[in-house]
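One file, query-v7.tsv, carrying TSV, C-alpha atoms:
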```tsv
chain	number	residue	atom	x	y	z
A	1	MET	CA	-23.55	-49.02	-34.09
A	2	PHE	CA	-26.50	-48.01	-36.23
A	3	LYS	CA	-26.30	-45.12	-38.71
A	4	VAL	CA	-29.59	-43.29	-39.27
A	5	ALA	CA	-30.51	-40.28	-41.41
A	6	VAL	CA	-33.03	-38.08	-39.56
A	7	ALA	CA	-35.40	-35.84	-41.56
A	8	PRO	CA	-37.83	-34.04	-39.20
A	9	GLY	CA	-39.57	-32.31	-42.12
A	10	ASP	CA	-42.52	-29.96	-41.66
A	11	GLY	CA	-44.97	-28.90	-38.96
A	12	ILE	CA	-45.22	-31.20	-35.97
A	13	GLY	CA	-42.67	-33.51	-37.61
A	14	LYS	CA	-39.90	-31.53	-35.93
A	15	GLU	CA	-41.51	-31.88	-32.50
A	16	VAL	CA	-42.40	-35.57	-32.59
A	17	ILE	CA	-39.12	-36.69	-34.15
A	18	ALA	CA	-37.22	-34.88	-31.38
A	19	GLU	CA	-39.08	-37.03	-28.83
A	20	GLY	CA	-38.65	-40.16	-30.91
A	21	VAL	CA	-34.89	-39.60	-31.06
A	22	LYS	CA	-34.74	-39.17	-27.27
A	23	VAL	CA	-36.56	-42.45	-26.72
A	24	LEU	CA	-34.41	-44.30	-29.27
A	25	GLN	CA	-31.22	-43.01	-27.69
A	26	ALA	CA	-32.40	-43.98	-24.22
A	27	ALA	CA	-33.44	-47.46	-25.32
A	28	CYS	CA	-30.24	-48.06	-27.28
A	29	GLY	CA	-28.23	-46.73	-24.33
A	30	THR	CA	-29.67	-49.39	-22.02
A	31	GLU	CA	-28.20	-52.04	-24.36
A	32	HIS	CA	-24.94	-50.13	-24.97
A	33	VAL	CA	-25.81	-49.69	-28.66
A	34	GLU	CA	-24.51	-46.54	-30.34
A	35	LEU	CA	-26.90	-44.58	-32.53
A	36	GLN	CA	-25.16	-42.30	-35.04
A	37	LEU	CA	-27.56	-39.68	-36.41
A	38	GLU	CA	-27.15	-37.49	-39.49
A	39	TYR	CA	-29.77	-34.73	-39.80
A	40	MET	CA	-31.28	-33.60	-43.11
A	41	ASP	CA	-32.93	-30.35	-44.14
A	42	LEU	CA	-35.94	-31.62	-46.10
A	43	GLY	CA	-39.34	-30.04	-46.49
A	44	SER	CA	-41.25	-26.88	-47.21
A	45	ASP	CA	-38.84	-24.34	-45.68
A	46	ARG	CA	-35.97	-25.44	-47.90
A	47	TYR	CA	-38.24	-25.80	-50.93
A	48	LEU	CA	-39.56	-22.25	-50.53
A	49	ARG	CA	-36.04	-20.97	-49.97
A	50	THR	CA	-34.20	-22.85	-52.74
A	51	GLY	CA	-36.76	-24.70	-54.88
A	52	GLU	CA	-35.11	-28.00	-53.96
A	53	LEU	CA	-37.03	-31.17	-53.15
A	54	LEU	CA	-35.10	-34.47	-52.89
A	55	THR	CA	-31.69	-33.78	-54.40
A	56	ASP	CA	-28.84	-36.07	-55.46
A	57	ASP	CA	-26.93	-34.93	-52.35
A	58	ASP	CA	-29.88	-35.92	-50.17
A	59	ILE	CA	-29.97	-39.35	-51.78
A	60	ALA	CA	-26.22	-39.78	-51.29
A	61	LEU	CA	-26.60	-38.89	-47.61
A	62	MET	CA	-29.36	-41.47	-47.19
A	63	LYS	CA	-27.27	-44.12	-48.96
A	64	ARG	CA	-24.47	-43.81	-46.43
A	65	ASN	CA	-26.94	-44.56	-43.64
A	66	GLN	CA	-28.85	-47.76	-42.83
A	67	ALA	CA	-32.29	-46.21	-42.46
A	68	VAL	CA	-34.20	-42.92	-42.61
A	69	TYR	CA	-36.22	-41.64	-39.65
A	70	PHE	CA	-38.78	-39.24	-41.10
A	71	GLY	CA	-41.16	-36.76	-39.47
A	72	ALA	CA	-43.83	-35.32	-41.75
A	73	ILE	CA	-44.25	-33.43	-44.98
A	74	GLY	CA	-46.82	-30.83	-46.00
A	75	ASP	CA	-47.31	-27.09	-45.70
A	76	PRO	CA	-50.25	-24.84	-46.66
A	77	ARG	CA	-47.80	-22.50	-48.40
A	78	VAL	CA	-46.99	-25.22	-50.96
A	79	ALA	CA	-49.53	-26.65	-53.42
A	80	PRO	CA	-50.67	-30.19	-52.57
A	81	GLY	CA	-48.65	-32.93	-54.23
A	82	ILE	CA	-45.41	-31.02	-54.80
A	83	LEU	CA	-43.68	-32.04	-51.57
A	84	GLU	CA	-45.33	-35.46	-51.46
A	85	LYS	CA	-44.30	-36.43	-55.00
A	86	GLY	CA	-40.97	-34.63	-54.98
A	87	ILE	CA	-39.78	-36.01	-51.64
A	88	LEU	CA	-41.78	-38.96	-50.30
A	89	ILE	CA	-42.67	-40.75	-53.52
A	90	LYS	CA	-39.27	-40.06	-55.04
A	91	MET	CA	-37.60	-41.50	-51.93
A	92	ARG	CA	-39.73	-44.67	-52.05
A	93	THR	CA	-39.01	-45.08	-55.76
A	94	THR	CA	-35.28	-44.32	-55.56
A	95	PHE	CA	-34.73	-46.84	-52.77
A	96	ASP	CA	-37.30	-49.33	-54.12
A	97	GLN	CA	-39.16	-49.41	-50.81
A	98	TYR	CA	-41.75	-51.85	-52.11
A	99	ILE	CA	-43.17	-52.84	-48.72
A	100	ASN	CA	-45.28	-50.47	-46.67
A	101	MET	CA	-45.80	-51.89	-43.19
A	102	ARG	CA	-48.36	-50.54	-40.72
A	103	PRO	CA	-49.15	-52.37	-37.48
A	104	SER	CA	-52.63	-52.14	-35.99
A	105	LYS	CA	-53.03	-53.48	-32.47
A	106	ALA	CA	-55.50	-52.94	-29.66
A	107	TRP	CA	-54.33	-50.17	-27.34
A	108	HIS	CA	-56.84	-50.51	-24.51
A	109	PRO	CA	-58.66	-48.40	-23.42
A	110	TYR	CA	-58.04	-46.19	-26.46
A	111	THR	CA	-59.50	-48.40	-29.18
A	112	PRO	CA	-63.04	-47.21	-30.01
A	113	LEU	CA	-64.33	-50.74	-30.61
A	114	LYS	CA	-66.84	-52.16	-28.16
A	115	GLY	CA	-65.64	-54.90	-25.85
A	116	GLU	CA	-62.13	-56.04	-25.09
A	117	LYS	CA	-61.19	-57.04	-28.62
A	118	ASN	CA	-57.56	-58.06	-28.71
A	119	PHE	CA	-56.09	-57.78	-32.17
A	120	ASP	CA	-52.56	-57.50	-33.48
A	121	ILE	CA	-52.54	-56.99	-37.25
A	122	ILE	CA	-49.57	-56.27	-39.50
A	123	PHE	CA	-50.78	-54.59	-42.68
A	124	LEU	CA	-48.45	-55.02	-45.63
A	125	ARG	CA	-49.13	-52.77	-48.60
A	126	GLU	CA	-47.41	-53.18	-51.96
A	127	ASN	CA	-45.84	-49.76	-52.28
A	128	THR	CA	-44.76	-49.28	-55.89
A	129	GLU	CA	-47.45	-50.54	-58.33
A	130	ASP	CA	-51.25	-50.83	-58.76
A	131	PHE	CA	-53.24	-47.62	-59.34
A	132	TYR	CA	-50.61	-45.30	-57.83
A	133	MET	CA	-48.10	-45.57	-60.69
A	134	GLY	CA	-49.17	-42.29	-62.28
A	135	ALA	CA	-50.29	-44.02	-65.50
A	136	GLY	CA	-53.30	-41.88	-66.31
A	137	GLY	CA	-54.54	-38.90	-68.22
A	138	VAL	CA	-57.46	-37.18	-69.87
A	139	LEU	CA	-58.83	-37.78	-73.38
A	140	LYS	CA	-60.05	-34.39	-74.54
A	141	GLY	CA	-63.26	-33.87	-76.48
A	142	ARG	CA	-64.27	-37.48	-77.03
A	143	SER	CA	-67.54	-38.23	-78.75
A	144	ASP	CA	-70.21	-40.36	-77.12
A	145	ALA	CA	-69.42	-43.07	-79.65
A	146	VAL	CA	-66.18	-43.77	-77.80
A	147	ASP	CA	-67.99	-44.86	-74.65
A	148	LEU	CA	-68.45	-48.52	-75.53
A	149	GLU	CA	-64.89	-48.84	-76.79
A	150	LEU	CA	-63.54	-47.18	-73.63
A	151	LYS	CA	-65.39	-49.61	-71.45
A	152	ARG	CA	-64.23	-52.54	-73.54
A	153	LYS	CA	-60.46	-52.04	-73.77
A	154	LEU	CA	-58.62	-48.78	-73.22
A	155	TYR	CA	-55.92	-49.58	-75.75
A	156	ASP	CA	-58.49	-50.28	-78.50
A	157	ILE	CA	-59.81	-46.70	-78.49
A	158	ASP	CA	-59.74	-44.84	-81.80
A	159	LEU	CA	-58.10	-41.55	-80.78
A	160	THR	CA	-59.53	-39.59	-83.75
A	161	LEU	CA	-61.39	-36.63	-82.29
A	162	SER	CA	-64.93	-35.93	-83.37
A	163	SER	CA	-65.38	-32.44	-84.83
A	164	SER	CA	-68.65	-32.12	-82.95
A	165	SER	CA	-67.31	-33.17	-79.55
A	166	THR	CA	-67.21	-30.79	-76.57
A	167	SER	CA	-65.59	-30.73	-73.14
A	168	ALA	CA	-68.60	-32.66	-71.87
A	169	ASP	CA	-67.16	-35.61	-73.81
A	170	ASP	CA	-63.80	-35.64	-71.98
A	171	TYR	CA	-62.69	-38.91	-70.39
A	172	ALA	CA	-60.29	-39.18	-67.45
A	173	PHE	CA	-58.58	-42.48	-66.72
A	174	GLU	CA	-56.10	-44.07	-64.35
A	175	ILE	CA	-54.50	-47.41	-65.15
A	176	GLY	CA	-53.72	-49.97	-62.48
A	177	MET	CA	-50.74	-52.15	-63.37
A	178	MET	CA	-48.92	-54.83	-61.40
A	179	SER	CA	-46.00	-56.95	-62.53
A	180	ARG	CA	-45.57	-60.62	-61.77
A	181	ARG	CA	-42.12	-59.83	-60.36
A	182	GLY	CA	-43.59	-57.12	-58.14
A	183	ILE	CA	-46.31	-59.38	-56.76
A	184	GLU	CA	-43.91	-62.29	-56.27
A	185	ARG	CA	-41.43	-60.36	-54.16
A	186	PHE	CA	-44.25	-58.80	-52.14
A	187	ALA	CA	-45.92	-62.19	-51.57
A	188	ASP	CA	-42.59	-63.75	-50.57
A	189	TYR	CA	-42.11	-61.05	-47.94
A	190	SER	CA	-45.66	-61.55	-46.66
A	191	PHE	CA	-45.30	-65.30	-46.19
A	192	GLU	CA	-41.78	-65.02	-44.77
A	193	LEU	CA	-43.02	-62.51	-42.18
A	194	ALA	CA	-45.93	-64.78	-41.28
A	195	LYS	CA	-43.51	-67.65	-40.74
A	196	LYS	CA	-41.12	-65.47	-38.70
A	197	MET	CA	-43.92	-64.18	-36.46
A	198	GLY	CA	-45.65	-67.54	-36.10
A	199	ARG	CA	-48.85	-66.37	-37.79
A	200	PRO	CA	-51.00	-69.22	-39.19
A	201	LYS	CA	-52.08	-67.55	-42.46
A	202	VAL	CA	-51.80	-64.58	-44.78
A	203	THR	CA	-54.93	-62.66	-45.73
A	204	ALA	CA	-54.67	-61.29	-49.29
A	205	VAL	CA	-57.04	-58.43	-50.13
A	206	ASP	CA	-58.24	-57.58	-53.64
A	207	LYS	CA	-61.26	-56.95	-55.85
A	208	ALA	CA	-60.76	-59.91	-58.16
A	209	ASN	CA	-64.49	-60.27	-58.85
A	210	VAL	CA	-64.43	-56.96	-60.77
A	211	CYS	CA	-60.80	-56.24	-61.74
A	212	THR	CA	-60.30	-59.77	-62.99
A	213	SER	CA	-57.08	-59.27	-64.98
A	214	LEU	CA	-55.20	-57.20	-62.44
A	215	TYR	CA	-56.14	-59.13	-59.33
A	216	GLY	CA	-56.45	-62.43	-61.15
A	217	MET	CA	-52.65	-62.38	-61.45
A	218	TRP	CA	-52.44	-61.24	-57.82
A	219	ARG	CA	-54.37	-64.34	-56.69
A	220	GLU	CA	-52.45	-66.63	-59.01
A	221	VAL	CA	-49.13	-65.54	-57.51
A	222	PHE	CA	-50.36	-65.65	-53.90
A	223	SER	CA	-51.72	-69.18	-54.40
A	224	GLN	CA	-48.38	-70.29	-55.83
A	225	LYS	CA	-46.37	-68.65	-53.03
A	226	SER	CA	-48.70	-70.09	-50.39
A	227	LYS	CA	-47.75	-73.58	-51.57
A	228	GLU	CA	-44.05	-72.74	-51.75
A	229	HIS	CA	-43.95	-71.37	-48.20
A	230	GLY	CA	-46.37	-73.89	-46.70
A	231	ILE	CA	-48.62	-71.21	-45.21
A	232	PRO	CA	-52.33	-70.91	-46.07
A	233	VAL	CA	-53.65	-67.85	-47.89
A	234	GLU	CA	-57.12	-66.45	-47.25
A	235	TYR	CA	-58.68	-64.14	-49.85
A	236	MET	CA	-60.91	-61.19	-48.93
A	237	TYR	CA	-62.60	-58.67	-51.21
A	238	VAL	CA	-61.69	-55.17	-50.06
A	239	ASP	CA	-65.28	-54.17	-49.22
A	240	ALA	CA	-65.80	-57.29	-47.09
A	241	MET	CA	-62.44	-56.68	-45.45
A	242	ALA	CA	-63.39	-53.13	-44.48
A	243	MET	CA	-66.48	-54.45	-42.69
A	244	ALA	CA	-64.60	-57.31	-41.06
A	245	LEU	CA	-61.98	-54.97	-39.61
A	246	VAL	CA	-64.69	-53.14	-37.69
A	247	ARG	CA	-66.64	-56.23	-36.69
A	248	ALA	CA	-63.93	-58.81	-35.95
A	249	PRO	CA	-60.35	-57.52	-36.32
A	250	GLU	CA	-59.09	-60.32	-34.07
A	251	ARG	CA	-59.57	-62.69	-37.04
A	252	PHE	CA	-56.55	-61.28	-38.85
A	253	GLY	CA	-52.77	-61.33	-38.48
A	254	ILE	CA	-50.78	-60.64	-41.65
A	255	VAL	CA	-52.90	-58.71	-44.16
A	256	ALA	CA	-51.40	-58.21	-47.64
A	257	CYS	CA	-52.92	-55.50	-49.84
A	258	PRO	CA	-52.37	-53.92	-53.25
A	259	ASN	CA	-51.28	-50.30	-53.12
A	260	MET	CA	-54.58	-48.39	-53.27
A	261	PHE	CA	-56.63	-50.76	-51.11
A	262	GLY	CA	-53.79	-50.86	-48.59
A	263	ASP	CA	-53.79	-47.07	-48.40
A	264	ILE	CA	-57.47	-47.11	-47.42
A	265	LEU	CA	-57.56	-50.16	-45.13
A	266	THR	CA	-54.55	-49.07	-43.09
A	267	ASP	CA	-56.41	-45.90	-42.10
A	268	ILE	CA	-59.23	-48.08	-40.82
A	269	GLY	CA	-56.56	-50.05	-38.98
A	270	ALA	CA	-55.25	-46.83	-37.43
A	271	GLU	CA	-58.71	-45.74	-36.32
A	272	ILE	CA	-59.72	-49.01	-34.67
A	273	MET	CA	-56.55	-49.11	-32.59
A	274	GLY	CA	-56.84	-45.57	-31.26
A	275	GLY	CA	-56.27	-43.03	-34.02
A	276	LEU	CA	-53.44	-41.51	-36.02
A	277	GLY	CA	-51.64	-40.45	-32.84
A	278	VAL	CA	-50.48	-44.05	-32.39
A	279	ALA	CA	-50.12	-45.07	-36.06
A	280	ALA	CA	-46.60	-45.79	-37.30
A	281	SER	CA	-45.43	-46.78	-40.75
A	282	GLY	CA	-42.38	-48.29	-42.42
A	283	ASN	CA	-41.45	-48.04	-46.11
A	284	ILE	CA	-39.18	-51.03	-46.45
A	285	ASN	CA	-36.64	-52.40	-48.85
A	286	PRO	CA	-35.56	-55.65	-47.14
A	287	ASN	CA	-32.13	-55.40	-48.77
A	288	GLY	CA	-31.62	-51.66	-48.84
A	289	VAL	CA	-32.40	-48.35	-47.14
A	290	SER	CA	-35.82	-48.23	-45.47
A	291	MET	CA	-37.73	-45.21	-44.16
A	292	PHE	CA	-39.88	-45.03	-41.01
A	293	GLU	CA	-42.42	-42.34	-40.15
A	294	PRO	CA	-45.56	-41.54	-38.18
A	295	VAL	CA	-48.71	-41.63	-40.31
A	296	HIS	CA	-50.35	-38.45	-39.05
A	297	GLY	CA	-48.79	-35.81	-41.28
A	298	SER	CA	-47.53	-32.32	-40.50
A	299	ALA	CA	-50.68	-30.90	-38.79
A	300	PRO	CA	-49.73	-27.24	-39.33
A	301	ASP	CA	-52.72	-26.06	-37.26
A	302	ILE	CA	-51.09	-27.29	-34.03
A	303	ALA	CA	-47.41	-27.04	-34.96
A	304	GLY	CA	-45.24	-25.36	-32.34
A	305	GLN	CA	-47.88	-25.54	-29.62
A	306	GLY	CA	-46.67	-28.66	-27.80
A	307	LYS	CA	-49.96	-30.46	-28.48
A	308	ALA	CA	-48.71	-33.14	-30.88
A	309	ASN	CA	-48.81	-36.74	-29.75
A	310	PRO	CA	-45.27	-38.21	-30.08
A	311	ILE	CA	-46.30	-41.86	-29.72
A	312	ALA	CA	-46.69	-42.57	-33.45
A	313	ALA	CA	-43.17	-41.24	-34.09
A	314	ILE	CA	-41.82	-43.21	-31.13
A	315	LEU	CA	-43.43	-46.40	-32.44
A	316	ALA	CA	-42.00	-45.65	-35.91
A	317	GLY	CA	-38.60	-45.59	-34.21
A	318	LYS	CA	-39.45	-48.92	-32.63
A	319	MET	CA	-40.23	-50.35	-36.08
A	320	MET	CA	-36.92	-49.00	-37.37
A	321	ILE	CA	-34.82	-50.58	-34.63
A	322	ASP	CA	-36.69	-53.87	-35.18
A	323	GLN	CA	-35.82	-53.73	-38.88
A	324	LEU	CA	-32.19	-52.95	-38.07
A	325	GLY	CA	-32.00	-56.23	-36.18
A	326	ARG	CA	-32.63	-55.34	-32.53
A	327	PRO	CA	-36.22	-56.37	-31.74
A	328	ASP	CA	-35.23	-56.60	-28.07
A	329	ILE	CA	-34.77	-52.82	-28.03
A	330	GLY	CA	-38.06	-52.47	-29.91
A	331	LYS	CA	-39.87	-54.49	-27.25
A	332	LEU	CA	-38.48	-52.21	-24.55
A	333	ILE	CA	-39.80	-49.13	-26.37
A	334	GLU	CA	-43.23	-50.71	-26.86
A	335	TRP	CA	-43.40	-51.71	-23.18
A	336	ALA	CA	-42.61	-48.12	-22.16
A	337	VAL	CA	-45.33	-46.78	-24.48
A	338	LYS	CA	-47.86	-49.22	-22.99
A	339	MET	CA	-46.94	-48.17	-19.46
A	340	ALA	CA	-47.23	-44.47	-20.35
A	341	MET	CA	-50.71	-45.11	-21.74
A	342	LYS	CA	-51.70	-47.14	-18.70
A	343	GLN	CA	-50.57	-44.37	-16.36
A	344	LYS	CA	-52.22	-41.63	-18.48
A	345	MET	CA	-48.86	-39.99	-19.14
A	346	VAL	CA	-50.08	-38.88	-22.55
A	347	THR	CA	-51.08	-35.79	-24.53
A	348	PRO	CA	-54.60	-34.26	-24.46
A	349	ASP	CA	-55.79	-36.10	-27.59
A	350	MET	CA	-55.56	-39.32	-25.54
A	351	GLY	CA	-57.14	-37.83	-22.42
A	352	GLY	CA	-53.91	-36.77	-20.72
A	353	ALA	CA	-52.47	-33.39	-19.81
A	354	LEU	CA	-48.85	-33.62	-20.96
A	355	THR	CA	-47.14	-31.59	-23.65
A	356	THR	CA	-45.32	-33.28	-26.52
A	357	LYS	CA	-41.99	-32.93	-24.71
A	358	GLN	CA	-43.38	-34.08	-21.36
A	359	ALA	CA	-44.89	-37.19	-22.96
A	360	GLY	CA	-41.55	-38.00	-24.57
A	361	ASP	CA	-39.72	-37.44	-21.28
A	362	ALA	CA	-42.15	-39.77	-19.47
A	363	ILE	CA	-41.47	-42.58	-21.94
A	364	VAL	CA	-37.70	-42.01	-21.66
A	365	ASP	CA	-37.99	-42.31	-17.85
A	366	LEU	CA	-39.92	-45.57	-18.22
A	367	VAL	CA	-37.30	-46.95	-20.61
A	368	ARG	CA	-34.53	-46.17	-18.14
A	369	SER	CA	-36.51	-47.55	-15.19
A	370	ALA	CA	-36.65	-50.96	-16.88
A	371	GLN	CA	-32.88	-51.48	-16.48
```
Translate this file's structure into structure tokens.
Amino acid sequence: MFKVAVAPGDGIGKEVIAEGVKVLQAACGTEHVELQLEYMDLGSDRYLRTGELLTDDDIALMKRNQAVYFGAIGDPRVAPGILEKGILIKMRTTFDQYINMRPSKAWHPYTPLKGEKNFDIIFLRENTEDFYMGAGGVLKGRSDAVDLELKRKLYDIDLTLSSSSTSADDYAFEIGMMSRRGIERFADYSFELAKKMGRPKVTAVDKANVCTSLYGMWREVFSQKSKEHGIPVEYMYVDAMAMALVRAPERFGIVACPNMFGDILTDIGAEIMGGLGVAASGNINPNGVSMFEPVHGSAPDIAGQGKANPIAAILAGKMMIDQLGRPDIGKLIEWAVKMAMKQKMVTPDMGGALTTKQAGDAIVDLVRSAQ
């Protein structure tokens, strides 16, 4: 039996998670695996009603489950950042979900790339450090004389304000920080996954030619871990990697990225495989509670209209069941998704004519037909 906390969230999250749950239950049923679900009221409706984001009770509920199946967060009635920081980021931090995993594979004929490029990339993004730590601010009313010092070393700045300075002299900054421990555990996971999946190398992305201190340590650790695990590491600057993903994605297998670069490159990965409608994501703690979600967000403009594509949520469920130790069930779900695409049993965004519910039902039928 698997115990899963289900948080449909906002907008189309409710619709796509409903279909994802149906597919998971059907797939688990074929293998006589019980799925125990505990639903959570998270998102904008509760926040607007009570002012609550992620509470201690919510965290306790998640802790008594093995994983979290999440829909989407975001609502035009709530200022940007409140729900994201108060729910998503707090969840990732609380459960130390330091791995973000996003597969990118060729879904023919939906990939927009020319030719029959066959690629199967697993993007791994370090999920807790780098430039997304919130270590930033604004220096108010700095004089022009500060400029050289600011460029040299942030911590050497004389913070005495000039009496003649104006708002035109303000400086905004964001600090990127990574710990050796954080890089080491992330690199270990990357090489262990490569070994488990039979991939010949790990591609580590950075900008070490400019951010020499930050990504110098990144390369140092990856080189050390490459030797320890006996798997080669290939280094790519992030700008070269962005071009290579469009030109020759088949070159890559396991791609390991720092937090900010991973955020950007995984959206390229989503686009080259067919768009956000098929993009799934996992926020993983290998030894704790992990959370799985579609990438697409809450899409309030189409919520409640039956137009949302459920495939990303269904594939997020596939990732979750893989992580829980039943990749055989995950393979069944992926096969059913492939067959639905092949038979055009998909929503209008993929050229089909089915509603969200009809697309989910079609995939459930395919799962059951495989028995």
List the neighbours of Glu334 in chain A out to 9 Å using all atoms listed in the file; skip same-chain residues closer than 4 positions along the sequence, and give me the result as a tab-separated table (two decimals) with C-alpha atoms, in the frame of the given file.
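Dumped everything to around16.tsv:
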```
chain	number	residue	atom	x	y	z
A	314	ILE	CA	-41.82	-43.21	-31.13
A	315	LEU	CA	-43.43	-46.40	-32.44
A	318	LYS	CA	-39.45	-48.92	-32.63
A	329	ILE	CA	-34.77	-52.82	-28.03
A	330	GLY	CA	-38.06	-52.47	-29.91
A	338	LYS	CA	-47.86	-49.22	-22.99
A	339	MET	CA	-46.94	-48.17	-19.46
```
Around (-41.2, -31.8, -24.4), as given in the file, which residues come within 9 Å? Count all atoms listed in the file and list them as JSON, numbers by chain.
{"A": [15, 18, 19, 306, 354, 355, 356, 357, 358, 359, 360, 361]}
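In this structure, CA of Gln25 in chain A sits 18.8 Å away from CA of Asn309 in chain A.
Proximity of A:Ser190, A:Pro348, A:Asp170, A:Ala340 to Lys140 in chain A, computed with all atoms listed in the file, is greatest for A:Asp170.
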Considering all atoms listed in the file, return as JSON, numbers by chain whatever protein or nucleic-acid residues lie within 12 Å of Gln343 in chain A, sequence-local ones (same chain, fewer than 4 positions apart) excluded.
{"A": [108, 109, 336, 337, 338, 339, 347, 350, 351, 352, 353, 354, 359, 362, 363, 366]}
For the residues selected in the previous step, produce a file with C-alpha atoms as a PDB file, keeping the file's coordinate frame.
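Below is the file that was written, part.pdb:
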```pdb
ATOM      1  CA  HIS A 108     -56.840 -50.510 -24.510  1.00  0.00           C
ATOM      2  CA  PRO A 109     -58.660 -48.400 -23.420  1.00  0.00           C
ATOM      3  CA  ALA A 336     -42.610 -48.120 -22.160  1.00  0.00           C
ATOM      4  CA  VAL A 337     -45.330 -46.780 -24.480  1.00  0.00           C
ATOM      5  CA  LYS A 338     -47.860 -49.220 -22.990  1.00  0.00           C
ATOM      6  CA  MET A 339     -46.940 -48.170 -19.460  1.00  0.00           C
ATOM      7  CA  THR A 347     -51.080 -35.790 -24.530  1.00  0.00           C
ATOM      8  CA  MET A 350     -55.560 -39.320 -25.540  1.00  0.00           C
ATOM      9  CA  GLY A 351     -57.140 -37.830 -22.420  1.00  0.00           C
ATOM     10  CA  GLY A 352     -53.910 -36.770 -20.720  1.00  0.00           C
ATOM     11  CA  ALA A 353     -52.470 -33.390 -19.810  1.00  0.00           C
ATOM     12  CA  LEU A 354     -48.850 -33.620 -20.960  1.00  0.00           C
ATOM     13  CA  ALA A 359     -44.890 -37.190 -22.960  1.00  0.00           C
ATOM     14  CA  ALA A 362     -42.150 -39.770 -19.470  1.00  0.00           C
ATOM     15  CA  ILE A 363     -41.470 -42.580 -21.940  1.00  0.00           C
ATOM     16  CA  LEU A 366     -39.920 -45.570 -18.220  1.00  0.00           C
TER      17      LEU A 366
END
```
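Going from CA of Cys211 in chain A over to CA of Val238 in chain A, you cover 11.8 Å.
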With distances taken over all atoms listed in the file, which residue among A:Thr266, A:Asn285, A:Ser44, A:Thr203 lies nearest Gly81 in chain A?
A:Ser44
Pairwise distance for CA of Leu24 in chain A and CA of Ile333 in chain A, rounded to one decimal in Å:
7.8 Å
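Distances to Asn127 in chain A were evaluated for A:Ala256, A:Ala60, A:Val233, A:Met319 using all atoms listed in the file, and the minimum falls at A:Ala256.
Comparing A:Asp188, A:Glu250, A:Glu116, A:Asp41 by their smallest distance to Gly230 in chain A, the closest is A:Asp188 (using only C-alpha atoms).
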Within 9 Å of range 87-98 of chain A using all atoms listed in the file, minus same-chain residues under 4 positions, as a VMD selection string
chain A and resid 42 to 43 53 to 55 59 63 73 82 to 83 125 to 129 182 185 to 186 283 to 286 288 to 291
